[in-house]
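Peer 1: Below is the file my_file-v6.cif, which contains mmCIF, C-alpha atoms.
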data_run
loop_
_atom_site.label_atom_id
_atom_site.label_comp_id
_atom_site.auth_asym_id
_atom_site.auth_seq_id
_atom_site.Cartn_x
_atom_site.Cartn_y
_atom_site.Cartn_z
CA MET E 11 125.68 108.10 126.88
CA ALA E 12 126.10 111.75 125.95
CA THR E 13 129.42 110.98 124.26
CA HIS E 14 127.86 108.28 122.10
CA ASP E 15 124.96 110.56 121.16
CA THR E 16 127.09 113.55 120.17
CA ASP E 17 129.85 111.71 118.31
CA PRO E 18 127.75 111.07 115.14
CA GLN E 19 126.62 114.69 115.14
CA ASP E 20 130.19 115.91 115.53
CA ARG E 21 131.34 113.70 112.68
CA ALA E 22 128.49 114.94 110.48
CA ARG E 23 129.34 118.57 111.32
CA PHE E 24 133.03 117.96 110.54
CA GLY E 25 132.08 116.38 107.22
CA ARG E 26 129.94 119.37 106.27
CA LEU E 27 132.68 121.84 107.14
CA LEU E 28 135.31 119.83 105.31
CA GLY E 29 133.15 119.58 102.20
CA ALA E 30 132.35 123.28 102.29
CA GLY E 31 135.92 124.32 103.08
CA ILE E 32 137.29 122.66 99.96
CA TRP E 33 135.39 125.11 97.76
CA LEU E 34 136.61 128.19 99.60
CA PHE E 35 139.63 128.32 97.31
CA PHE E 36 137.32 130.02 94.76
CA LEU E 37 137.45 133.05 97.05
CA GLY E 38 140.94 133.40 95.67
CA ASN E 39 139.35 135.33 92.75
CA PRO E 40 138.17 138.31 94.83
CA LEU E 41 141.23 137.95 97.06
CA GLY E 42 143.56 138.33 94.09
CA ALA E 43 141.56 141.29 92.78
CA LEU E 44 141.84 143.01 96.16
CA PHE E 45 145.62 142.60 96.22
CA ARG E 46 145.82 144.12 92.72
CA ASN E 47 143.83 147.18 93.82
CA ASP E 48 146.01 150.20 94.59
CA ASN E 49 143.40 151.89 96.77
CA GLN E 50 144.42 150.81 100.27
CA LEU E 51 141.03 151.63 101.85
CA GLU E 52 139.18 149.47 99.31
CA ARG E 53 141.85 146.76 99.52
CA TYR E 54 141.97 146.39 103.30
CA GLY E 55 138.25 146.91 103.69
CA GLY E 56 137.65 144.02 101.28
CA LEU E 57 140.24 141.82 103.01
CA ILE E 58 138.61 142.41 106.40
CA ALA E 59 135.22 141.58 104.85
CA LEU E 60 136.55 138.28 103.49
CA VAL E 61 138.11 137.47 106.87
CA VAL E 62 134.65 137.87 108.43
CA PHE E 63 132.89 136.16 105.52
CA VAL E 64 134.67 132.79 105.81
CA PRO E 65 134.04 131.96 109.52
CA VAL E 66 130.43 133.22 109.38
CA TYR E 67 129.80 131.00 106.34
CA LEU E 68 131.40 127.94 107.95
CA TYR E 69 129.73 128.48 111.31
CA GLY E 70 126.36 128.81 109.61
CA LEU E 71 126.86 125.46 107.87
CA GLY E 72 127.82 123.89 111.18
CA GLN E 73 124.48 124.98 112.70
CA ILE E 74 122.27 123.45 109.99
CA PRO E 75 120.41 120.96 112.26
CA ARG E 76 119.56 123.66 114.79
CA PHE E 77 118.05 125.92 112.15
CA HIS E 78 115.68 123.21 110.95
CA ILE E 79 114.88 121.56 114.28
CA GLU E 80 114.40 124.76 116.28
CA GLN E 81 113.16 126.84 113.30
CA ARG E 82 115.59 129.66 114.12
CA TYR E 83 115.03 131.29 110.74
CA VAL E 84 115.45 134.84 112.04
CA VAL E 85 118.97 133.87 113.07
CA ALA E 86 119.47 132.22 109.67
CA TRP E 87 118.54 135.44 107.92
CA THR E 88 120.99 137.26 110.17
CA TYR E 89 123.80 135.04 108.84
CA ILE E 90 122.71 135.71 105.25
CA SER E 91 122.56 139.46 105.93
CA VAL E 92 126.06 139.49 107.41
CA LEU E 93 127.41 137.66 104.35
CA LEU E 94 125.64 140.07 102.00
CA ALA E 95 127.16 142.99 103.92
CA CYS E 96 130.64 141.44 103.57
CA PHE E 97 130.02 141.02 99.85
CA ALA E 98 129.01 144.67 99.54
CA VAL E 99 132.24 145.76 101.25
CA THR E 100 134.36 143.71 98.82
CA VAL E 101 132.68 145.14 95.70
CA PRO E 102 134.66 148.46 95.52
CA GLY E 103 137.99 146.68 95.83
CA ALA E 104 137.33 143.45 93.89
CA GLY E 105 134.83 144.58 91.27
CA ASP E 106 133.04 141.80 89.39
CA GLN E 107 135.28 139.18 91.04
CA SER E 108 133.40 139.84 94.28
CA MET E 109 130.34 138.12 92.81
CA THR E 110 132.00 134.81 93.64
CA CYS E 111 130.86 135.49 97.22
CA LEU E 112 127.24 135.31 96.05
CA VAL E 113 127.73 131.65 95.11
CA PHE E 114 128.55 130.83 98.72
CA ILE E 115 125.66 132.94 99.97
CA ALA E 116 123.29 131.00 97.72
CA ALA E 117 124.68 127.71 99.02
CA LEU E 118 124.21 128.76 102.65
CA ALA E 119 120.70 130.05 101.95
CA VAL E 120 119.66 126.70 100.47
CA ALA E 121 121.18 124.91 103.45
CA ILE E 122 119.58 126.87 106.30
CA LEU E 123 116.45 128.64 105.02
CA PRO E 124 112.97 127.21 104.34
CA LYS E 125 112.83 125.89 100.80
CA TRP E 126 110.66 128.64 99.28
CA GLN E 127 112.74 131.39 100.88
CA ALA E 128 115.92 129.66 99.70
CA LEU E 129 114.49 129.40 96.17
CA ALA E 130 113.70 133.12 96.21
CA VAL E 131 117.25 133.95 97.29
CA VAL E 132 118.74 131.79 94.52
CA VAL E 133 116.53 133.37 91.85
CA ILE E 134 117.35 136.89 93.04
CA LEU E 135 121.10 136.20 93.15
CA PHE E 136 121.04 134.59 89.70
CA GLY E 137 119.20 137.55 88.27
CA ALA E 138 121.43 140.09 90.05
CA ILE E 139 124.67 138.53 88.78
CA THR E 140 123.33 138.21 85.25
CA ALA E 141 122.03 141.79 85.22
CA ALA E 142 125.27 143.18 86.70
CA GLY E 143 127.30 141.49 83.97
CA PHE E 144 125.31 143.38 81.34
CA ALA E 145 124.55 146.63 83.15
CA VAL E 146 127.88 147.54 84.75
CA GLU E 147 130.53 148.64 82.31
CA GLY E 148 133.62 146.42 82.37
CA TRP E 149 131.91 143.73 84.44
CA SER E 150 131.34 140.10 83.48
CA ALA E 151 129.31 137.43 85.22
CA HIS E 152 132.29 135.04 84.85
CA GLY E 153 129.81 132.15 85.01
CA ASN E 154 128.93 132.96 88.62
CA ASN E 155 125.22 133.10 87.75
CA PHE E 156 125.26 129.48 86.64
CA ALA E 157 127.56 128.60 89.52
CA VAL E 158 124.79 129.85 91.84
CA LEU E 159 122.36 127.37 90.27
CA LEU E 160 124.85 124.49 90.44
CA ALA E 161 125.75 125.24 94.06
CA ALA E 162 122.08 125.51 95.01
CA ALA E 163 121.27 122.18 93.34
CA ALA E 164 124.22 120.44 95.00
CA VAL E 165 123.46 121.80 98.46
CA TRP E 166 119.77 120.94 98.05
CA SER E 167 120.68 117.31 97.37
CA PHE E 168 122.91 117.29 100.44
CA ARG E 169 120.13 118.90 102.46
CA LEU E 170 117.74 116.10 101.50
CA ALA E 171 120.38 113.58 102.52
CA TRP E 172 120.85 115.33 105.89
CA GLN E 173 117.10 115.30 106.47
CA ARG E 174 116.85 111.60 105.64
CA GLN E 175 119.77 110.88 107.95
CA ALA E 176 118.09 112.85 110.74
CA LYS E 177 114.85 110.91 110.25
CA LEU E 178 116.75 107.62 110.27
CA MET E 179 118.56 108.56 113.46
CA ALA E 180 115.27 109.57 115.09
CA ALA E 181 113.64 106.33 113.97
CA GLU E 182 116.61 104.33 115.25
CA GLN E 183 116.35 106.05 118.63
CA ASP E 184 112.60 105.38 118.76
CA LEU E 185 113.16 101.71 117.92
CA SER E 186 115.88 101.48 120.56
CA GLU E 187 113.60 102.97 123.20
CA LEU E 188 110.76 100.67 122.10
CA ALA E 189 113.03 97.64 122.35
CA VAL E 190 114.03 98.65 125.87
CA GLN E 191 110.40 99.06 126.85
CA GLU E 192 109.46 95.69 125.36
CA GLU E 193 112.35 93.99 127.13
CA ARG E 194 111.33 95.55 130.42
CA ALA E 195 107.76 94.39 129.86
CA ARG E 196 108.99 90.88 129.04
CA ILE E 197 111.12 90.69 132.17
CA ALA E 198 108.21 91.99 134.22
CA ARG E 199 105.90 89.32 132.77
CA ASP E 200 108.45 86.57 133.34
CA LEU E 201 109.10 87.68 136.90
CA HIS E 202 105.36 87.83 137.54
CA ASP E 203 104.87 84.30 136.21
CA ILE E 204 107.85 82.87 138.08
CA LEU E 205 107.27 84.57 141.41
CA GLY E 206 103.51 84.24 141.29
CA HIS E 207 103.63 80.49 140.91
CA SER E 208 106.66 79.86 143.14
CA LEU E 209 105.45 82.01 146.03
CA THR E 210 102.02 80.40 145.91
CA VAL E 211 103.53 76.91 146.17
CA ILE E 212 105.91 78.03 148.91
CA SER E 213 103.03 79.52 150.88
CA VAL E 214 100.95 76.33 150.59
CA LYS E 215 103.87 74.11 151.62
CA ALA E 216 104.70 76.40 154.54
CA GLU E 217 101.13 76.12 155.82
CA LEU E 218 101.22 72.34 155.38
CA ALA E 219 104.54 72.06 157.22
CA GLU E 220 103.11 74.11 160.07
CA ARG E 221 100.11 71.78 160.41
CA LEU E 222 102.31 68.68 160.27
CA PHE E 223 104.96 69.97 162.63
CA ASP E 224 103.46 68.33 165.76
CA ASP E 225 101.69 65.29 164.25
CA ASP E 226 104.19 64.16 161.60
CA PRO E 227 107.64 65.73 162.10
CA VAL E 228 109.23 63.57 159.38
CA ARG E 229 106.83 64.74 156.71
CA ALA E 230 107.05 68.31 158.00
CA ARG E 231 110.84 68.13 157.59
CA ALA E 232 110.37 66.87 154.03
CA GLU E 233 108.06 69.78 153.27
CA LEU E 234 110.63 72.21 154.68
CA GLU E 235 113.31 70.66 152.45
CA ASP E 236 110.98 71.18 149.49
CA LEU E 237 110.58 74.78 150.57
CA GLN E 238 114.33 75.26 150.47
CA ARG E 239 114.57 73.69 147.00
CA LEU E 240 111.67 75.72 145.66
CA SER E 241 113.20 78.92 147.03
CA ARG E 242 116.55 78.17 145.37
CA ASP E 243 114.85 77.31 142.07
CA ALA E 244 112.74 80.47 142.16
CA LEU E 245 115.82 82.56 142.90
CA ALA E 246 117.71 80.94 140.01
CA ASP E 247 114.81 81.63 137.64
CA VAL E 248 114.58 85.23 138.79
CA ARG E 249 118.32 85.76 138.27
CA SER E 250 118.15 84.16 134.83
CA THR E 251 115.23 86.37 133.81
CA ALA E 252 116.71 89.57 135.25
CA GLN E 253 119.96 88.96 133.37
CA GLY E 254 118.04 88.57 130.13
CA ILE E 255 119.07 84.95 129.61
CA ARG E 256 116.40 83.41 127.41
CA GLY E 257 115.81 79.72 126.80
CA ILE E 258 117.08 78.25 130.11
CA SER E 259 114.06 78.89 132.31
CA LEU E 260 111.92 75.77 132.44
CA PRO E 261 108.71 77.59 133.50
CA GLY E 262 109.32 80.12 130.77
CA GLU E 263 109.83 77.38 128.17
CA ILE E 264 106.58 75.71 129.21
CA ALA E 265 104.71 78.97 128.69
CA SER E 266 106.49 79.61 125.37
CA ALA E 267 105.80 76.06 124.16
CA ARG E 268 102.11 76.42 124.93
CA MET E 269 101.88 79.66 122.97
CA ALA E 270 103.87 78.25 120.03
CA LEU E 271 101.79 75.07 119.78
CA GLU E 272 98.52 76.95 119.98
CA SER E 273 99.71 79.36 117.30
CA ALA E 274 100.55 76.36 115.06
CA GLY E 275 97.09 74.84 115.58
CA ILE E 276 98.42 71.96 117.69
CA GLU E 277 96.65 71.01 120.91
CA PRO E 278 99.12 71.36 123.81
CA LEU E 279 99.00 68.89 126.70
CA LEU E 280 101.63 70.43 128.95
CA PRO E 281 102.34 70.42 132.66
CA THR E 282 101.47 73.58 134.52
CA VAL E 283 104.27 73.29 137.09
CA ALA E 284 107.89 72.21 137.14
CA ASP E 285 108.38 71.94 140.89
CA GLU E 286 109.41 68.28 140.84
CA VAL E 287 112.44 68.92 138.63
CA PRO E 288 115.66 69.52 140.61
CA SER E 289 117.59 72.69 139.87
CA ARG E 290 120.52 70.85 138.28
CA TRP E 291 118.27 69.38 135.55
CA ARG E 292 116.07 72.36 134.77
CA GLU E 293 118.28 73.84 132.09
CA LEU E 294 118.62 70.50 130.25
CA PHE E 295 114.88 69.87 130.45
CA ALA E 296 114.21 73.39 129.17
CA TRP E 297 116.44 72.78 126.12
CA THR E 298 114.74 69.43 125.58
CA LEU E 299 111.31 71.03 125.66
CA ARG E 300 112.38 73.73 123.24
CA GLU E 301 113.96 71.27 120.77
CA GLY E 302 111.08 68.81 121.01
CA VAL E 303 108.35 71.38 120.50
CA THR E 304 110.29 73.00 117.67
CA ASN E 305 110.51 69.66 115.85
CA VAL E 306 106.82 69.01 116.41
CA ILE E 307 105.87 72.34 114.89
CA ARG E 308 108.28 72.15 111.97
CA HIS E 309 108.17 68.50 110.95
CA SER E 310 105.42 66.42 112.54
CA GLN E 311 102.18 67.73 110.99
CA ALA E 312 100.63 66.71 114.31
CA SER E 313 97.32 67.74 115.84
CA ARG E 314 98.37 67.15 119.45
CA CYS E 315 101.56 67.37 121.48
CA GLU E 316 101.95 65.99 125.00
CA VAL E 317 104.77 66.71 127.44
CA GLU E 318 105.37 64.50 130.48
CA LEU E 319 107.61 65.88 133.18
CA ASP E 320 108.90 64.54 136.46
CA ALA E 321 112.08 64.59 138.53
CA GLU E 322 113.93 62.04 136.37
CA ARG E 323 112.76 62.56 132.79
CA ILE E 324 110.98 64.71 130.25
CA ARG E 325 109.12 63.24 127.29
CA VAL E 326 107.72 65.10 124.28
CA THR E 327 105.27 63.07 122.18
CA ASP E 328 103.18 63.98 119.15
CA ASP E 329 100.60 62.15 117.02
CA GLY E 330 101.97 63.25 113.65
CA ARG E 331 104.24 61.48 111.22
CA ALA E 332 107.49 59.89 112.35
CA PRO E 333 110.58 61.71 111.04
CA CYS E 334 112.62 60.23 108.21
CA PRO E 335 116.24 59.28 108.88
CA ASP E 336 117.43 62.28 106.86
CA ASP E 337 114.99 64.71 108.48
CA GLY E 338 116.48 68.17 109.00
CA SER E 339 115.63 67.98 112.69
CA GLY E 340 118.65 65.73 113.21
CA ASN E 341 121.06 68.63 113.75
CA GLY E 342 119.03 69.95 116.68
CA LEU E 343 118.70 66.48 118.19
CA GLU E 344 122.42 65.93 117.85
CA GLY E 345 123.06 69.14 119.75
CA LEU E 346 120.63 68.00 122.45
CA ARG E 347 122.44 64.64 122.69
CA GLN E 348 125.72 66.47 123.27
CA ARG E 349 124.17 68.55 126.04
CA ALA E 350 122.68 65.45 127.63
CA ARG E 351 125.98 63.57 127.35
CA LEU E 352 127.82 66.35 129.18
CA ALA E 353 125.17 66.33 131.90
CA GLY E 354 125.25 62.54 132.30
CA ALA E 355 121.76 62.09 130.85
CA THR E 356 120.49 59.96 127.96
CA VAL E 357 118.36 60.86 124.95
CA THR E 358 115.90 58.32 123.55
CA THR E 359 113.82 58.70 120.39
CA SER E 360 111.09 56.35 119.26
CA THR E 361 107.78 56.14 117.45
CA GLY E 362 104.83 57.49 119.40
CA PRO E 363 101.91 55.44 120.77
CA GLY E 364 99.99 53.48 118.18
CA GLU E 365 102.94 53.54 115.76
CA ARG E 366 102.18 57.17 115.02
CA GLY E 367 104.10 60.32 115.70
CA PHE E 368 107.41 60.74 117.42
CA SER E 369 108.59 60.55 121.00
CA LEU E 370 111.64 62.33 122.45
CA THR E 371 112.73 61.38 125.96
CA VAL E 372 115.59 62.68 128.08
CA SER E 373 116.28 60.69 131.22
CA VAL E 374 118.60 61.77 134.03
CA PRO E 375 120.20 59.70 136.81
CA ALA E 376 117.93 59.15 139.80
#
Represent the structure contained in this file as structure tokens.
Peer 2:
Amino acid sequence: MATHDTDPQDRARFGRLLGAGIWLFFLGNPLGALFRNDNQLERYGGLIALVVFVPVYLYGLGQIPRFHIEQRYVVAWTYISVLLACFAVTVPGAGDQSMTCLVFIAALAVAILPKWQALAVVVILFGAITAAGFAVEGWSAHGNNFAVLLAAAAVWSFRLAWQRQAKLMAAEQDLSELAVQEERARIARDLHDILGHSLTVISVKAELAERLFDDDPVRARAELEDLQRLSRDALADVRSTAQGIRGISLPGEIASARMALESAGIEPLLPTVADEVPSRWRELFAWTLREGVTNVIRHSQASRCEVELDAERIRVTDDGRAPCPDDGSGNGLEGLRQRARLAGATVTTSTGPGERGFSLTVSVPA
């Protein structure tokens, strides 16, 4: 997990450094001036300052998220101070060409300082470069004052983009955690419903089998066989729910159908249990229930929906209007027919009781 979390941050940091590194070629102006200076102390002092300037500038850009998240603004000012000191060392050897360094200092200040402090730095640097161009004999601003403004504006736009990206990543993480919590809650509810009902029935049948054991061994054996079947069915439902497989749990589909019909204003007449249905038919019956109830809600305009369920068939009937031959529900019914055909079952559709509504029946071999 840590690798997946840090990879986007690493890519973002690499992108910032690459974008900032492209503009470092402008430091060629003070670098060239230093090489033209005959004073070795001023020359090599300036070169050493530039060697320190570049990694400090790049490292500061790489730490942008930490400055804003942890509010390490004292450290941020330390970076700015180091860069200003490097600039001061280059001035004797590079003259007015050294003011190019101030453009990068302004960019870093906008990137890592609070906005009002960054604005103050930009204004001061703009004024200092402009004043130096007029006040110092032989010096020229060389457009560096306006370059400070352009760099500040560009970095500010990138800073807003970084902040939006950080907010989006935080929101995405929150949504991911919320989805996990909701899925856990859903699984817990489904397991509660499945196990609560199944264990209650198993307990009742176990008590009945115990009472019948001496008086009616045949019936007691039948109850024990039912216990085995119920246990297998409950285990299958639990596995299905734990694996996150939705739409194949018959008890879950009954509960979902009840909620969906009630939400649509349709009276649900549904079975409360599905114990009579053998395990091999539960998935097919669950798909039938889902398709039938979906058609009732979408197409029938019904006021009531009834579901009949036993070991050999499931029937979904409504009192709405019968579907037309070209009704859009045909695609879903065709898919259900294919499922039934593969399982050896048959699908029957007809008009509901009293020549009203629609009836969907899936019958399985006895």
Peer 1: Check what the PyMOL selection byres ((chain E and resi 92-103) around 7) selects in the file above and give those residues as a list in words.
Peer 2: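 Evaluating the PyMOL selection byres ((chain E and resi 92-103) around 7) on these coordinates yields Leu44, Asn47, Glu52, Arg53, Gly55, Gly56, Ala59, Leu60, Phe63, Thr88, Tyr89, Ile90, Ser91, Ala104, Gly105, Ser108, Cys111 and Ile115 of chain E.
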Peer 1: Write the residues of the preceding selection, restricted to C-alpha atoms, as a short mmCIF file (atom, residue, chain, number, x, y, z; two decimals), in the coordinates of the input.
Peer 2:
data_model
loop_
_atom_site.label_atom_id
_atom_site.label_comp_id
_atom_site.auth_asym_id
_atom_site.auth_seq_id
_atom_site.Cartn_x
_atom_site.Cartn_y
_atom_site.Cartn_z
CA LEU E 44 141.84 143.01 96.16
CA ASN E 47 143.83 147.18 93.82
CA GLU E 52 139.18 149.47 99.31
CA ARG E 53 141.85 146.76 99.52
CA GLY E 55 138.25 146.91 103.69
CA GLY E 56 137.65 144.02 101.28
CA ALA E 59 135.22 141.58 104.85
CA LEU E 60 136.55 138.28 103.49
CA PHE E 63 132.89 136.16 105.52
CA THR E 88 120.99 137.26 110.17
CA TYR E 89 123.80 135.04 108.84
CA ILE E 90 122.71 135.71 105.25
CA SER E 91 122.56 139.46 105.93
CA ALA E 104 137.33 143.45 93.89
CA GLY E 105 134.83 144.58 91.27
CA SER E 108 133.40 139.84 94.28
CA CYS E 111 130.86 135.49 97.22
CA ILE E 115 125.66 132.94 99.97
#
Peer 1: Using CA of Gln348 in chain E and CA of Thr304 in chain E as the two end points, give the distance in Å to one decimal.
Peer 2: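 Taking CA of Gln348 in chain E and CA of Thr304 in chain E, their separation equals 17.7 Å.
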Peer 1: Would you compute the distance between CA of Val85 in chain E and CA of Pro65 in chain E? Give it in Å to one decimal.
Peer 2: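 These two atoms are separated by 15.6 Å.
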Peer 1: Any chance you could work out the residue set of the PyMOL selection byres ((chain E and resi 118-130) around 8) here, as a PDB file with C-alpha atoms, in the frame of the given file?
Peer 2:
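Wrote result.pdb, looks like this:
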ATOM      1  CA  TYR E  67     129.800 131.000 106.340  1.00  0.00           C
ATOM      2  CA  GLY E  70     126.360 128.810 109.610  1.00  0.00           C
ATOM      3  CA  LEU E  71     126.860 125.460 107.870  1.00  0.00           C
ATOM      4  CA  ILE E  74     122.270 123.450 109.990  1.00  0.00           C
ATOM      5  CA  PHE E  77     118.050 125.920 112.150  1.00  0.00           C
ATOM      6  CA  HIS E  78     115.680 123.210 110.950  1.00  0.00           C
ATOM      7  CA  TYR E  83     115.030 131.290 110.740  1.00  0.00           C
ATOM      8  CA  ALA E  86     119.470 132.220 109.670  1.00  0.00           C
ATOM      9  CA  TRP E  87     118.540 135.440 107.920  1.00  0.00           C
ATOM     10  CA  ILE E  90     122.710 135.710 105.250  1.00  0.00           C
ATOM     11  CA  PHE E 114     128.550 130.830  98.720  1.00  0.00           C
ATOM     12  CA  ILE E 115     125.660 132.940  99.970  1.00  0.00           C
ATOM     13  CA  ALA E 116     123.290 131.000  97.720  1.00  0.00           C
ATOM     14  CA  ALA E 117     124.680 127.710  99.020  1.00  0.00           C
ATOM     15  CA  VAL E 131     117.250 133.950  97.290  1.00  0.00           C
ATOM     16  CA  VAL E 132     118.740 131.790  94.520  1.00  0.00           C
ATOM     17  CA  VAL E 133     116.530 133.370  91.850  1.00  0.00           C
ATOM     18  CA  ILE E 134     117.350 136.890  93.040  1.00  0.00           C
ATOM     19  CA  ALA E 162     122.080 125.510  95.010  1.00  0.00           C
ATOM     20  CA  VAL E 165     123.460 121.800  98.460  1.00  0.00           C
ATOM     21  CA  TRP E 166     119.770 120.940  98.050  1.00  0.00           C
ATOM     22  CA  ARG E 169     120.130 118.900 102.460  1.00  0.00           C
TER      23      ARG E 169
END
Peer 1: Evaluating the PyMOL selection byres ((chain E and resi 309-313) around 8) on the displayed file yields which residues, as JSON, numbers by chain?
Peer 2: {"E": [275, 276, 277, 305, 306, 307, 308, 314, 315, 328, 329, 330, 331, 332, 333, 339, 367, 368]}
Peer 1: Go ahead and dump the residues you just picked, C-alpha atoms, as a PDB file, in the coordinates of the input.
Peer 2:
ATOM      1  CA  GLY E 275      97.090  74.840 115.580  1.00  0.00           C
ATOM      2  CA  ILE E 276      98.420  71.960 117.690  1.00  0.00           C
ATOM      3  CA  GLU E 277      96.650  71.010 120.910  1.00  0.00           C
ATOM      4  CA  ASN E 305     110.510  69.660 115.850  1.00  0.00           C
ATOM      5  CA  VAL E 306     106.820  69.010 116.410  1.00  0.00           C
ATOM      6  CA  ILE E 307     105.870  72.340 114.890  1.00  0.00           C
ATOM      7  CA  ARG E 308     108.280  72.150 111.970  1.00  0.00           C
ATOM      8  CA  ARG E 314      98.370  67.150 119.450  1.00  0.00           C
ATOM      9  CA  CYS E 315     101.560  67.370 121.480  1.00  0.00           C
ATOM     10  CA  ASP E 328     103.180  63.980 119.150  1.00  0.00           C
ATOM     11  CA  ASP E 329     100.600  62.150 117.020  1.00  0.00           C
ATOM     12  CA  GLY E 330     101.970  63.250 113.650  1.00  0.00           C
ATOM     13  CA  ARG E 331     104.240  61.480 111.220  1.00  0.00           C
ATOM     14  CA  ALA E 332     107.490  59.890 112.350  1.00  0.00           C
ATOM     15  CA  PRO E 333     110.580  61.710 111.040  1.00  0.00           C
ATOM     16  CA  SER E 339     115.630  67.980 112.690  1.00  0.00           C
ATOM     17  CA  GLY E 367     104.100  60.320 115.700  1.00  0.00           C
ATOM     18  CA  PHE E 368     107.410  60.740 117.420  1.00  0.00           C
TER      19      PHE E 368
END
Peer 1: If I take CA of Trp149 in chain E and CA of Asp106 in chain E, how far is one from the other in Å, to one decimal?
Peer 2: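 Taking CA of Trp149 in chain E and CA of Asp106 in chain E, their separation equals 5.4 Å.
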Peer 1: Within 12 Å of (110.0, 77.3, 126.3), only C-alpha atoms: residues as a ChimeraX atom specification?
Peer 2: /E:200,256-271,280,292-304,317
Peer 1: Export, as a compact mmCIF listing (two decimals), in the coordinates of the input, the selected residues with C-alpha atoms.
Peer 2:
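Wrote part-v7.txt, looks like this:
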# COMPACT_ATOMS: atom_id res chain seq x y z
CA ASP E 200 108.45 86.57 133.34
CA ARG E 256 116.40 83.41 127.41
CA GLY E 257 115.81 79.72 126.80
CA ILE E 258 117.08 78.25 130.11
CA SER E 259 114.06 78.89 132.31
CA LEU E 260 111.92 75.77 132.44
CA PRO E 261 108.71 77.59 133.50
CA GLY E 262 109.32 80.12 130.77
CA GLU E 263 109.83 77.38 128.17
CA ILE E 264 106.58 75.71 129.21
CA ALA E 265 104.71 78.97 128.69
CA SER E 266 106.49 79.61 125.37
CA ALA E 267 105.80 76.06 124.16
CA ARG E 268 102.11 76.42 124.93
CA MET E 269 101.88 79.66 122.97
CA ALA E 270 103.87 78.25 120.03
CA LEU E 271 101.79 75.07 119.78
CA LEU E 280 101.63 70.43 128.95
CA ARG E 292 116.07 72.36 134.77
CA GLU E 293 118.28 73.84 132.09
CA LEU E 294 118.62 70.50 130.25
CA PHE E 295 114.88 69.87 130.45
CA ALA E 296 114.21 73.39 129.17
CA TRP E 297 116.44 72.78 126.12
CA THR E 298 114.74 69.43 125.58
CA LEU E 299 111.31 71.03 125.66
CA ARG E 300 112.38 73.73 123.24
CA GLU E 301 113.96 71.27 120.77
CA GLY E 302 111.08 68.81 121.01
CA VAL E 303 108.35 71.38 120.50
CA THR E 304 110.29 73.00 117.67
CA VAL E 317 104.77 66.71 127.44
Peer 1: Measuring between all atoms listed in the file, which one of E:Leu218, E:Leu34, E:Leu41, E:Leu237 shows the shortest distance to Val64 in chain E?
Peer 2: E:Leu34
Peer 1: For each of E:Leu57, E:Ala43, E:Leu209, E:Val374, take the minimum atom-to-atom distance to Pro288 in chain E, counting all atoms listed in the file, then give the residue where this is smallest.
Peer 2: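 Using all atoms listed in the file, the shortest distance to Pro288 in chain E belongs to E:Val374.
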Peer 1: Which of these residues is nearest to Pro375 in chain E, using all atoms listed in the file: E:Tyr69, E:Trp291, E:Trp172, E:Phe35?
Peer 2: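 For Pro375 in chain E, the nearest of the given residues is E:Trp291.
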Peer 1: In terms of the shortest atom-to-atom distance over all atoms listed in the file, which of E:Ala284, E:Ala230, E:Glu272, E:Glu316 is closest to Ala244 in chain E?
Peer 2: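 Smallest separation from Ala244 in chain E among the options: E:Ala284.
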